[in-house]
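K.L.:
Sharing a structure, written as structure tokens. Questions coming.
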Number of protein chains: 4
Amino acid sequence: MSSAKSMVLTEFNAPLEKQEYPLPEPAKGQLLVKIAAAGVCGSDAHMWRGKDPRTPLPVILGHEGVGWVAGIKDDKESVEGQIIREGDLILWHRGISCDRCYYCKIIKEPALCSNRLVYGINRGCKEPPHLRGGYSSHILLDESTSVFRLPPHIDPAVVVGATCSGSTAAHAFDLFSPRIGDTVLVQGPGPLGLFSIAFAAACGAAQIVAIGGTADRLELCRGFGADITLNRNELSAAERREKIMELTDGLGVDYAVEAAGSKEAVKEGISLVRPGGTYLSVGFGEPAGALELEIFEDLVRKNLHLQGVWVSDVRHTYMALQLIRGKMDTFAKMITHRLPLERATEGMELMEKKEAVKVVLTPE
Amino acid sequence: MSSAKSMVLTEFNAPLEKQEYPLPEPAKGQLLVKIAAAGVCGSDAHMWRGKDPRTPLPVILGHEGVGWVAGIKDDKESVEGQIIREGDLILWHRGISCDRCYYCKIIKEPALCSNRLVYGINRGCKEPPHLRGGYSSHILLDESTSVFRLPPHIDPAVVVGATCSGSTAAHAFDLFSPRIGDTVLVQGPGPLGLFSIAFAAACGAAQIVAIGGTADRLELCRGFGADITLNRNELSAAERREKIMELTDGLGVDYAVEAAGSKEAVKEGISLVRPGGTYLSVGFGEPAGALELEIFEDLVRKNLHLQGVWVSDVRHTYMALQLIRGKMDTFAKMITHRLPLERATEGMELMEKKEAVKVVLTPE
Amino acid sequence: MSSAKSMVLTEFNAPLEKQEYPLPEPAKGQLLVKIAAAGVCGSDAHMWRGKDPRTPLPVILGHEGVGWVAGIKDDKESVEGQIIREGDLILWHRGISCDRCYYCKIIKEPALCSNRLVYGINRGCKEPPHLRGGYSSHILLDESTSVFRLPPHIDPAVVVGATCSGSTAAHAFDLFSPRIGDTVLVQGPGPLGLFSIAFAAACGAAQIVAIGGTADRLELCRGFGADITLNRNELSAAERREKIMELTDGLGVDYAVEAAGSKEAVKEGISLVRPGGTYLSVGFGEPAGALELEIFEDLVRKNLHLQGVWVSDVRHTYMALQLIRGKMDTFAKMITHRLPLERATEGMELMEKKEAVKVVLTPE
Amino acid sequence: MSSAKSMVLTEFNAPLEKQEYPLPEPAKGQLLVKIAAAGVCGSDAHMWRGKDPRTPLPVILGHEGVGWVAGIKDDKESVEGQIIREGDLILWHRGISCDRCYYCKIIKEPALCSNRLVYGINRGCKEPPHLRGGYSSHILLDESTSVFRLPPHIDPAVVVGATCSGSTAAHAFDLFSPRIGDTVLVQGPGPLGLFSIAFAAACGAAQIVAIGGTADRLELCRGFGADITLNRNELSAAERREKIMELTDGLGVDYAVEAAGSKEAVKEGISLVRPGGTYLSVGFGEPAGALELEIFEDLVRKNLHLQGVWVSDVRHTYMALQLIRGKMDTFAKMITHRLPLERATEGMELMEKKEAVKVVLTPE
């Protein structure tokens with residue numbers, strides 16, 4: 001192949017346009033990668049709709065990717081110290097932090113680095129080398145990209161979520177873990193919620209409760225480790241509360257993760273956490289207005305620990321990848337749609353309408 | 001002395017009434033204590049005004065106390081393992097947790113124990129042995145009360161705050177400490193705020209900023225370790241923000257403690273914390289209405305760590321006592337008023353009007 | 001039944017003697033319990049052999065127990081807040097801490113309380129009420145004993161290990177947890193090792209390696225979650241090292257638990273931990289001589305985190321109980337021998353010779 | 001100046017040789033720095049004596065440095081986000097980690113990065129640009145060097161220790177902090193020990209005990225915050241133990257730091273830590289033979305937390321710099337000798353013989 005095929009966002013709300021770009025020669029440290037699987041994230045649809053003001057135009061969307069090394073100049077090592085060679089199947093972390101600033105060096109939270117570059121998000125395709133997003137046959141990765149080498153026969157579509165929703169859920173659990181024996185509540189049955197359920201199980205939660213809106217999704221939650229599922233279209237808030245208090249000897253859950261992106265969920269979730277418990281809000285990718293919190297009852301008297309979680313770093317992608325690799329069959333069920341690259345626009349629509357749990361584009 | 005003199009709350013808003021009670025004979029493990037100093041806390045005034053629905057009537061207020069052992073039946077040890085003898089000067093932790101429940105045994109946060117008894121708060125004086133509060137010449141301490149032995153010549157008034165405001169501030173710093181080199185903001189220049197400033201200094205904060213409303217109080221803050229003070233009656237919110245951003249290379253503070261009990265303070269404080277920073281709300285003792293938080297901007301995008309802090313346990317009183325003992329001269333300045341027991345009502349009024357930083361009653 | 005039957009240690013190395021004691025009337029807060037299952041612990045055999053100088057004579061051994069409430073005076077609550085009634089199946093924590101001292105109140109590590117009483121260990125049976133150990137038809141539990149209520153149809157023998165080996169392993173994992181994705185090494189395939197494997201799995205370890213000496217035991221390790229097992233009677237130390245370096249890209253394991261009680265295991269284990277990793281030594285119950293550690297290579301240059309683990313507290317028993325309840329079928333396989341009470345001496349011999357993984361006595 | 005003057009180690013044990021090198025033109029991101037102060041570290045003397053097998057020859061020693069920016073190509077930012085301009089006074093972290101590997105990205109402990117380069121240690125001066133150590137009029141810093149901007153009028157010699165001994169002590173306190181109110185023991189009164197005392201004070205230790213061998217050094221320890229000093233040439237081990245037990249109600253210290261580099265110190269220190277306490281070994285820079293540890297009594301029964309500490313990263317240099325800046329007058333007392341660059345060999349001898357606490361070279 002002498003050129004790359006990419007699906008390009010040139011105008012908000014319009015179908016992505018197919019374009020060809022010349023295949024670049026990788027410079028020192030760079031990798032040219034033939035994409036095997038590109039995840040379609042809910043936030044891609046937001047960008048497509050023009051809701052994210054940072055979106056450069058034109059841009060190749062797609063920040064979740066797995067592929068084969070198609071071009072490499074020098075020796076390169078994976079984060080784990082393995083040699084990377086042409087033909088290797090790899091997964092890369094979506095963000096590149098500057099490795100110089102207060103967040104990178106002093107705080108050690110590169111997710112908060114203000115110089116952070118993200119493939120498929122804040123790197124447009126106007127200028128060469130163009131190939132900076134995942135909705136494409138190829139991508140060019142910079143030297144400072146963190147890369148993981150995968151076993152050759154692994155299904156690329158199943159692990160691709162490790163780089164965004166899995167990584168972000170990992171960030172939450174890395175900031176504060178539930179303790180062995182805890183009762184954990186997860187709100188929202190999308191990819192973030194499913195990863196959160198799997199992480200809670202991996203952290204030794206004794207009971208995992210999932211709240212969602214459809215029987216299908218809740219069935220999926222059970223497959224990921226939820227012990228109890230509550231359908232918010234069938235049970236009233238009072239009934240949900242009653243169930244949870246019954247499960248927790250009247251105390252409330254020890255730890256809860258919001259992966260629903262709704263303020264109502266946050267209000268409900270906080271009310272279901274026991275005094276001294278932890279509530280992590282992970283599901284908001286854009287402004288959503290004001291949350292009303294009773295300062296005394298919800299926060300102070302409750303000795304509540306409330307944590308916002310923003311994106312993630314390489315460590316979190318590693319955690320998510322390790323999690324998936326131990327449960328490939330389970331995570332395969334998250335991938336409800338596999339589409340060819342050309343149908344990327346349709347993929348975003350499926351995510352937007354919540355008809356798909358997870359869409360993965362598979363070029364070729 | 002054959003009887004105890006106590007100032008009793010029999011009717012909300014009315015002056016406390018002086019009453020006499022027979023001195024009880026301590027049972028096994030109990031201590032009869034002659035009070036040397038009883039702190040007047042802001043929350044005492046709230047109880048007096050009938051704002052705390054848990055207040056039993058009649059009640060001897062006063063949950064902060066230091067005194068000499070006047071009666072003891074058997075051997076008794078301090079928390080630190082020292083033998084307690086008649087005549088010893090002691091300080092006691094105000095709360096008694098049940099040592100049996102989920103919070104005491106599994107979570108190890110006895111401050112959240114739902115069976116917690118507190119001298120001077122939820123123990124009325126209707127029935128014998130009556131003497132369960134600090135506004136009194138004597139108090140009877142139960143076997144399970146945690147007691148610290150003090151050096152005989154220490155000024156009782158100076159250490160008495162270790163048992164409530166100091167202990168509660170310690171709880172905040174025990175839940176999450178600033179890191180050495182951090183910039184810390186403390187909002188509110190009362191006892192809780194002053195203790196928070198001293199704890200921040202003891203934790204190695206590189207810069208401590210205090211916000212308050214009067215020059216006198218801010219001067220006091222400087223004495224406790226504040227490097228920069230901002231008078232909110234002289235500087236606008238925008239000016240305060242500008243100052244703080246200047247001090248932090250535009251990032252915001254790493255760590256902030258709210259000790260003001262005002263929702264506006266919480267809003268301002270959160271806006272002054274850097275991404276990834278910590279905000280602890282310590283200053284609310286009663287319902288104060290709804291706080292509006294921008295769920296995305298204030299919490300999630302900011303990766304904010306928001307913690308409510310409710311009362312404290314013995315460990316925290318120990319931390320506060322250790323803090324004070326290293327800085328007796330500094331803490332002496334917090335005690336603006338020493339009143340005889342009979343003027344307890346006046347003491348509450350001084351606290352209520354914020355004319356006093358800290359009032360201590362000294363029986364005799 | 002009007003009297004209790006107990007197996008009593010009256011002389012070291014001699015068979016335990018069957019004795020009868022009158023059934024005591026429980027005082028306020030006490031529980032008289034009819035024992036359903038009493039675990040035989042490796043340390044019981046040590047006590048029997050006279051290797052533990054603290055052993056009072058005569059004594060009813062047995063610090064792991066589950067049973068039915070046979071006598072109760074007043075209301076009593078479980079640690080989780082459930083009402084305890086006659087006939088309930090309960091499990092109790094073996095130790096009673098004083099709830100007063102520096103370790104109980106300030107450090108919050110009651111396992112280190114120097115006033116700690118332990119059923120079946122430092123409570124002799126010479127004086128009434130006699131029934132203070134588990135090798136008996138009945139035991140009398142003091143008011144301050146922490147009790148967990150069990151579902152009525154659970155197999156008592158399977159959960160009994162939660163109170164000692166499970167609880168001690170939990171202490172290790174509570175002090176320092178592996179991180180999700182870590183490679184964990186467990187040395188020793190007895191109850192402590194099996195619990196450690198299960199905890200490592202519950203903490204999200206990506207790879208668990210177990211080292212043991214027999215194929216049977218290593219098969220059991222796999223059932224508990226070990227991914228790789230190394231037989232030290234088949235592989236040399238160099239071969240074991242090679243295997244582990246292969247699994248960890250040459251770095252060594254992130255986290256290791258010693259549950260073997262051998263100094264050689266400690267030397268080997270430390271050498272297999274990566275720089276910056278964690279090594280916990282849990283398996284020593286009595287003096288075992290000097291360990292030679294290369295101060296620079298093993299500790300400082302390696303930035304090693306080395307932790308000794310001593311006994312446990314109620315929180316850890318809770319963690320172990322939660323762990324078992326999620327995996328009853330797995331833990332059932334640990335119980336290789338169920339013997340009637342009368343064969344207690346034989347039970348200790350089986351543990352001593354390592355012919356049994358775990359012996360449980362089942363009175364009647 | 002058109003050339004740099006450097007003191008070069010060409011042959012072990014021989015005096016350093018003065019050499020001239022051409023001043024290089026900084027490439028993109030590099031900084032040419034005119035050195036204002038170069039610390040002489042105890043480990044420099046070890047390298048000079050040929051005890052460190054990694055030492056490349058020839059090499060310009062000196063891994064602690066402060067200086068003025070003399071050449072810069074493009075914009076450059078400090079770790080704290082300030083613009084660096086020609087003429088600015090800066091301090092740099094001695095190590096450059098790779099920002100790619102498992103330790104840098106997953107573990108977030110770049111001190112353990114196996115690709116770590118260190119100025120003045122593993123970067124020889126045979127090839128251009130030669131200037132890679134601090135015993136020189138100039139040094140050339142690579143793009144990935146972490147740089148802190150200093151106020152122009154600060155005394156460079158006083159802060160220079162932040163980059164090695166201060167940073168390493170910070171690493172210890174960052175791994176595990178004492179708690180407010182703790183009693184802390186520091187063994188060894190050299191720069192590492194003095195920094196440890198200052199960090200313990202900054203962490204809110206209630207009592208700091210220092211052990212050393214001369215009255216002068218112990219006097220210095222008091223100036224840094226030690227409350228009690230024990231002269232090991234005047235007090236026997238038994239007497240030291242008695243003193244410490246007296247200070248801690250018979251328990252032992254909560255937290256101890258070894259900064260003496262002696263195995264005997266480690267043995268003594270561990271024996272003085274209370275059960276459940278923490279012991280950090282920081283003072284070993286080279287192999288020192290085997291330490292005999294009683295596996296049961298010293299480690300397991302004691303529930304000891306033993307931590308080796310190896311070098312440091314940028315975060316730790318930041319912590320040390322913040323610590324010094326709050327106590328410039330105190331830290332000035334650590335600098336017992338200021339020598340011109342030409343007397344570098346003498347500086348190493350002074351450190352070796354412990355005649356100096358800290359020697360700083362001040363070119364020109």
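Going by the structure tokens order, chains are called A, B, ..., each with residues numbered from 1, while ligands are numbered from 1 in the order shown.
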I want to know what sits within 9 Å of stretch 76-88 of chain A, based on only C-alpha atoms, with residues of the same chain fewer than 4 positions away left out; could you give that as a list in words?

P.N.:
Gly29, Gln30, Leu31, Gly67, Trp68, Val69, Ala70, Gly71, Ile72, Glu143, Ser146, Val147, Phe148, Arg149, Leu150, Pro151, Pro152 and Val314 of chain A; Thr248, Asp249 and Gly250 of chain C; Arg100, Cys101, Tyr102, Tyr103, Cys104, Lys105 and Ile106 of chain D

K.L.:
Distance limit 7 Å, atoms considered: only C-alpha atoms. Which chain C residues sit that close to chain D? Return them as number ranges by chain.

P.N.:
C: 281-282, 284, 286-297, 299-310

K.L.:
Stretch 205-260 of chain B: which residues are alpha helix (DSSP H) by DSSP, as a list of chain:residue names?

P.N.:
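Secondary structure check on stretch 205-260 of chain B, alpha helix (DSSP H): B:Ala215, B:Asp216, B:Arg217, B:Leu218, B:Glu219, B:Leu220, B:Cys221, B:Arg222, B:Gly223, B:Phe224, B:Ala237, B:Ala238, B:Glu239, B:Arg240, B:Arg241, B:Glu242, B:Lys243, B:Ile244, B:Met245, B:Glu246, B:Leu247.
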
K.L.:
Please dump the current selection as a PDB file, in the first residue's frame; keep N, CA, C and O atoms.

P.N.:
ATOM      1  N   ALA B 215      -8.385  42.496  60.535  1.00  0.00           N
ATOM      2  CA  ALA B 215      -6.929  42.615  60.642  1.00  0.00           C
ATOM      3  C   ALA B 215      -6.405  41.875  61.869  1.00  0.00           C
ATOM      4  O   ALA B 215      -5.383  41.187  61.819  1.00  0.00           O
ATOM      5  N   ASP B 216      -7.149  41.943  62.978  1.00  0.00           N
ATOM      6  CA  ASP B 216      -6.725  41.280  64.216  1.00  0.00           C
ATOM      7  C   ASP B 216      -6.589  39.776  64.032  1.00  0.00           C
ATOM      8  O   ASP B 216      -5.594  39.169  64.425  1.00  0.00           O
ATOM      9  N   ARG B 217      -7.649  39.215  63.466  1.00  0.00           N
ATOM     10  CA  ARG B 217      -7.649  37.765  63.280  1.00  0.00           C
ATOM     11  C   ARG B 217      -6.539  37.347  62.314  1.00  0.00           C
ATOM     12  O   ARG B 217      -5.905  36.315  62.499  1.00  0.00           O
ATOM     13  N   LEU B 218      -6.321  38.138  61.286  1.00  0.00           N
ATOM     14  CA  LEU B 218      -5.299  37.756  60.296  1.00  0.00           C
ATOM     15  C   LEU B 218      -3.900  37.886  60.889  1.00  0.00           C
ATOM     16  O   LEU B 218      -3.008  37.092  60.569  1.00  0.00           O
ATOM     17  N   GLU B 219      -3.750  38.839  61.776  1.00  0.00           N
ATOM     18  CA  GLU B 219      -2.484  38.951  62.500  1.00  0.00           C
ATOM     19  C   GLU B 219      -2.234  37.671  63.308  1.00  0.00           C
ATOM     20  O   GLU B 219      -1.125  37.120  63.323  1.00  0.00           O
ATOM     21  N   LEU B 220      -3.291  37.197  63.944  1.00  0.00           N
ATOM     22  CA  LEU B 220      -3.208  35.952  64.705  1.00  0.00           C
ATOM     23  C   LEU B 220      -2.829  34.787  63.770  1.00  0.00           C
ATOM     24  O   LEU B 220      -1.998  33.933  64.106  1.00  0.00           O
ATOM     25  N   CYS B 221      -3.445  34.759  62.602  1.00  0.00           N
ATOM     26  CA  CYS B 221      -3.124  33.712  61.617  1.00  0.00           C
ATOM     27  C   CYS B 221      -1.638  33.714  61.299  1.00  0.00           C
ATOM     28  O   CYS B 221      -1.009  32.658  61.182  1.00  0.00           O
ATOM     29  N   ARG B 222      -1.070  34.888  61.133  1.00  0.00           N
ATOM     30  CA  ARG B 222       0.369  34.960  60.847  1.00  0.00           C
ATOM     31  C   ARG B 222       1.173  34.356  61.993  1.00  0.00           C
ATOM     32  O   ARG B 222       2.137  33.634  61.776  1.00  0.00           O
ATOM     33  N   GLY B 223       0.731  34.619  63.209  1.00  0.00           N
ATOM     34  CA  GLY B 223       1.424  34.047  64.366  1.00  0.00           C
ATOM     35  C   GLY B 223       1.390  32.523  64.376  1.00  0.00           C
ATOM     36  O   GLY B 223       2.285  31.872  64.902  1.00  0.00           O
ATOM     37  N   PHE B 224       0.353  31.963  63.786  1.00  0.00           N
ATOM     38  CA  PHE B 224       0.225  30.498  63.750  1.00  0.00           C
ATOM     39  C   PHE B 224       0.934  29.886  62.547  1.00  0.00           C
ATOM     40  O   PHE B 224       0.987  28.666  62.432  1.00  0.00           O
ATOM     41  N   ALA B 237     -13.105  39.321  45.580  1.00  0.00           N
ATOM     42  CA  ALA B 237     -12.847  37.928  45.224  1.00  0.00           C
ATOM     43  C   ALA B 237     -11.857  37.861  44.068  1.00  0.00           C
ATOM     44  O   ALA B 237     -10.960  37.014  44.044  1.00  0.00           O
ATOM     45  N   ALA B 238     -12.013  38.759  43.117  1.00  0.00           N
ATOM     46  CA  ALA B 238     -11.102  38.755  41.963  1.00  0.00           C
ATOM     47  C   ALA B 238      -9.677  39.087  42.404  1.00  0.00           C
ATOM     48  O   ALA B 238      -8.704  38.490  41.928  1.00  0.00           O
ATOM     49  N   GLU B 239      -9.550  40.028  43.325  1.00  0.00           N
ATOM     50  CA  GLU B 239      -8.211  40.371  43.815  1.00  0.00           C
ATOM     51  C   GLU B 239      -7.587  39.227  44.613  1.00  0.00           C
ATOM     52  O   GLU B 239      -6.388  38.957  44.521  1.00  0.00           O
ATOM     53  N   ARG B 240      -8.425  38.562  45.397  1.00  0.00           N
ATOM     54  CA  ARG B 240      -7.895  37.419  46.161  1.00  0.00           C
ATOM     55  C   ARG B 240      -7.396  36.330  45.200  1.00  0.00           C
ATOM     56  O   ARG B 240      -6.337  35.747  45.389  1.00  0.00           O
ATOM     57  N   ARG B 241      -8.194  36.108  44.166  1.00  0.00           N
ATOM     58  CA  ARG B 241      -7.818  35.099  43.181  1.00  0.00           C
ATOM     59  C   ARG B 241      -6.493  35.456  42.503  1.00  0.00           C
ATOM     60  O   ARG B 241      -5.603  34.614  42.338  1.00  0.00           O
ATOM     61  N   GLU B 242      -6.384  36.721  42.139  1.00  0.00           N
ATOM     62  CA  GLU B 242      -5.164  37.180  41.471  1.00  0.00           C
ATOM     63  C   GLU B 242      -3.936  36.938  42.353  1.00  0.00           C
ATOM     64  O   GLU B 242      -2.908  36.436  41.890  1.00  0.00           O
ATOM     65  N   LYS B 243      -4.060  37.270  43.619  1.00  0.00           N
ATOM     66  CA  LYS B 243      -2.955  37.070  44.562  1.00  0.00           C
ATOM     67  C   LYS B 243      -2.529  35.602  44.615  1.00  0.00           C
ATOM     68  O   LYS B 243      -1.347  35.259  44.608  1.00  0.00           O
ATOM     69  N   ILE B 244      -3.535  34.746  44.697  1.00  0.00           N
ATOM     70  CA  ILE B 244      -3.240  33.323  44.878  1.00  0.00           C
ATOM     71  C   ILE B 244      -2.643  32.731  43.608  1.00  0.00           C
ATOM     72  O   ILE B 244      -1.727  31.901  43.657  1.00  0.00           O
ATOM     73  N   MET B 245      -3.117  33.182  42.451  1.00  0.00           N
ATOM     74  CA  MET B 245      -2.554  32.671  41.208  1.00  0.00           C
ATOM     75  C   MET B 245      -1.110  33.152  41.038  1.00  0.00           C
ATOM     76  O   MET B 245      -0.249  32.420  40.544  1.00  0.00           O
ATOM     77  N   GLU B 246      -0.869  34.360  41.513  1.00  0.00           N
ATOM     78  CA  GLU B 246       0.490  34.900  41.474  1.00  0.00           C
ATOM     79  C   GLU B 246       1.448  34.038  42.319  1.00  0.00           C
ATOM     80  O   GLU B 246       2.581  33.780  41.927  1.00  0.00           O
ATOM     81  N   LEU B 247       0.942  33.609  43.447  1.00  0.00           N
ATOM     82  CA  LEU B 247       1.763  32.810  44.365  1.00  0.00           C
ATOM     83  C   LEU B 247       2.013  31.390  43.884  1.00  0.00           C
ATOM     84  O   LEU B 247       2.865  30.684  44.408  1.00  0.00           O
TER      85      LEU B 247
END

K.L.:
Give me the residues near C:Glu346 as a ChimeraX atom specification, where near means some atom within 12 Å (using only C-alpha atoms) and where sequence neighbours in that chain fewer than 4 positions away do not count.

P.N.:
/C:7,13-16,40,44-45,48,337-342,350-353,355-356,359-361

K.L.:
So that I have them on file, write out the residues from the current selection with N, CA, C and O atoms, as a CSV table (one decimal), in the first residue's frame.

P.N.:
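And here's selection_12.csv as it stands now:
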chain,number,residue,atom,x,y,z
C,7,MET,N,-11.3,-31.0,75.1
C,7,MET,CA,-10.0,-31.7,75.0
C,7,MET,C,-8.9,-30.8,75.6
C,7,MET,O,-8.7,-29.7,75.0
C,13,ASN,N,3.3,-32.5,74.8
C,13,ASN,CA,3.6,-33.7,74.1
C,13,ASN,C,2.7,-34.9,74.4
C,13,ASN,O,2.7,-35.9,73.6
C,14,ALA,N,2.0,-34.9,75.5
C,14,ALA,CA,1.0,-36.0,75.8
C,14,ALA,C,-0.3,-35.8,75.1
C,14,ALA,O,-0.6,-34.6,74.7
C,15,PRO,N,-1.0,-36.8,74.9
C,15,PRO,CA,-2.4,-36.7,74.2
C,15,PRO,C,-3.2,-35.7,75.1
C,15,PRO,O,-3.1,-35.7,76.3
C,16,LEU,N,-4.1,-35.0,74.4
C,16,LEU,CA,-5.0,-34.1,75.1
C,16,LEU,C,-6.0,-35.0,75.9
C,16,LEU,O,-6.3,-36.1,75.5
C,40,VAL,N,-7.9,-26.6,63.4
C,40,VAL,CA,-6.6,-26.9,64.0
C,40,VAL,C,-5.5,-26.2,63.2
C,40,VAL,O,-5.4,-26.3,62.0
C,44,ASP,N,-1.1,-24.6,66.9
C,44,ASP,CA,-1.6,-25.4,68.0
C,44,ASP,C,-0.6,-26.6,68.3
C,44,ASP,O,-0.3,-26.9,69.4
C,45,ALA,N,0.0,-27.1,67.2
C,45,ALA,CA,0.9,-28.2,67.4
C,45,ALA,C,2.2,-27.7,68.1
C,45,ALA,O,2.8,-28.4,68.9
C,48,TRP,N,1.4,-27.4,71.7
C,48,TRP,CA,1.4,-28.8,72.2
C,48,TRP,C,2.8,-29.3,72.5
C,48,TRP,O,3.0,-30.0,73.5
C,337,HIS,N,-9.2,-32.6,56.2
C,337,HIS,CA,-9.6,-33.6,57.2
C,337,HIS,C,-10.7,-33.0,58.1
C,337,HIS,O,-10.5,-31.9,58.7
C,338,ARG,N,-11.7,-33.7,58.4
C,338,ARG,CA,-12.7,-33.3,59.4
C,338,ARG,C,-12.7,-34.5,60.4
C,338,ARG,O,-13.0,-35.6,60.1
C,339,LEU,N,-12.4,-34.1,61.6
C,339,LEU,CA,-12.3,-35.1,62.7
C,339,LEU,C,-13.3,-34.8,63.8
C,339,LEU,O,-13.6,-33.6,64.1
C,340,PRO,N,-13.8,-35.8,64.5
C,340,PRO,CA,-14.5,-35.5,65.7
C,340,PRO,C,-13.6,-34.9,66.8
C,340,PRO,O,-12.4,-35.1,66.8
C,341,LEU,N,-14.2,-34.2,67.7
C,341,LEU,CA,-13.5,-33.5,68.8
C,341,LEU,C,-12.5,-34.4,69.5
C,341,LEU,O,-11.3,-34.0,69.8
C,342,GLU,N,-12.9,-35.7,69.7
C,342,GLU,CA,-12.0,-36.6,70.5
C,342,GLU,C,-10.7,-36.9,69.8
C,342,GLU,O,-9.7,-37.3,70.5
C,350,LEU,N,-1.4,-34.5,62.3
C,350,LEU,CA,-1.6,-34.3,60.8
C,350,LEU,C,-1.1,-33.0,60.4
C,350,LEU,O,-0.4,-32.9,59.3
C,351,MET,N,-1.3,-31.9,61.1
C,351,MET,CA,-0.8,-30.6,60.7
C,351,MET,C,0.7,-30.6,60.9
C,351,MET,O,1.4,-30.0,60.0
C,352,GLU,N,1.2,-31.1,61.9
C,352,GLU,CA,2.6,-31.1,62.2
C,352,GLU,C,3.4,-31.8,61.1
C,352,GLU,O,4.4,-31.3,60.6
C,353,LYS,N,2.9,-32.9,60.6
C,353,LYS,CA,3.6,-33.7,59.6
C,353,LYS,C,3.2,-33.2,58.2
C,353,LYS,O,3.6,-33.8,57.2
C,355,GLU,N,0.6,-33.6,56.6
C,355,GLU,CA,-0.2,-34.6,55.9
C,355,GLU,C,-1.6,-34.0,55.6
C,355,GLU,O,-2.2,-34.3,54.6
C,356,ALA,N,-2.0,-33.0,56.4
C,356,ALA,CA,-3.2,-32.3,56.2
C,356,ALA,C,-2.9,-30.9,55.7
C,356,ALA,O,-1.9,-30.3,56.2
C,359,VAL,N,-7.0,-29.2,59.1
C,359,VAL,CA,-7.9,-30.1,59.9
C,359,VAL,C,-8.9,-29.3,60.6
C,359,VAL,O,-8.6,-28.2,61.2
C,360,VAL,N,-10.2,-29.7,60.6
C,360,VAL,CA,-11.2,-29.0,61.3
C,360,VAL,C,-11.9,-30.1,62.3
C,360,VAL,O,-12.2,-31.2,61.8
C,361,LEU,N,-12.0,-29.7,63.5
C,361,LEU,CA,-12.7,-30.6,64.5
C,361,LEU,C,-14.2,-30.2,64.4
C,361,LEU,O,-14.6,-29.1,64.5

K.L.:
When DSSP works through the backbone of this structure, what residues of stretch 74-313 of chain A end up as strand (DSSP E or B), shown as a PyMOL selection string?

P.N.:
chain A and resi 77+83+89-92+95-96+117-118+136+138-141+147-149+183-187+207-212+228-231+253-258+273-281+290-294+305-308
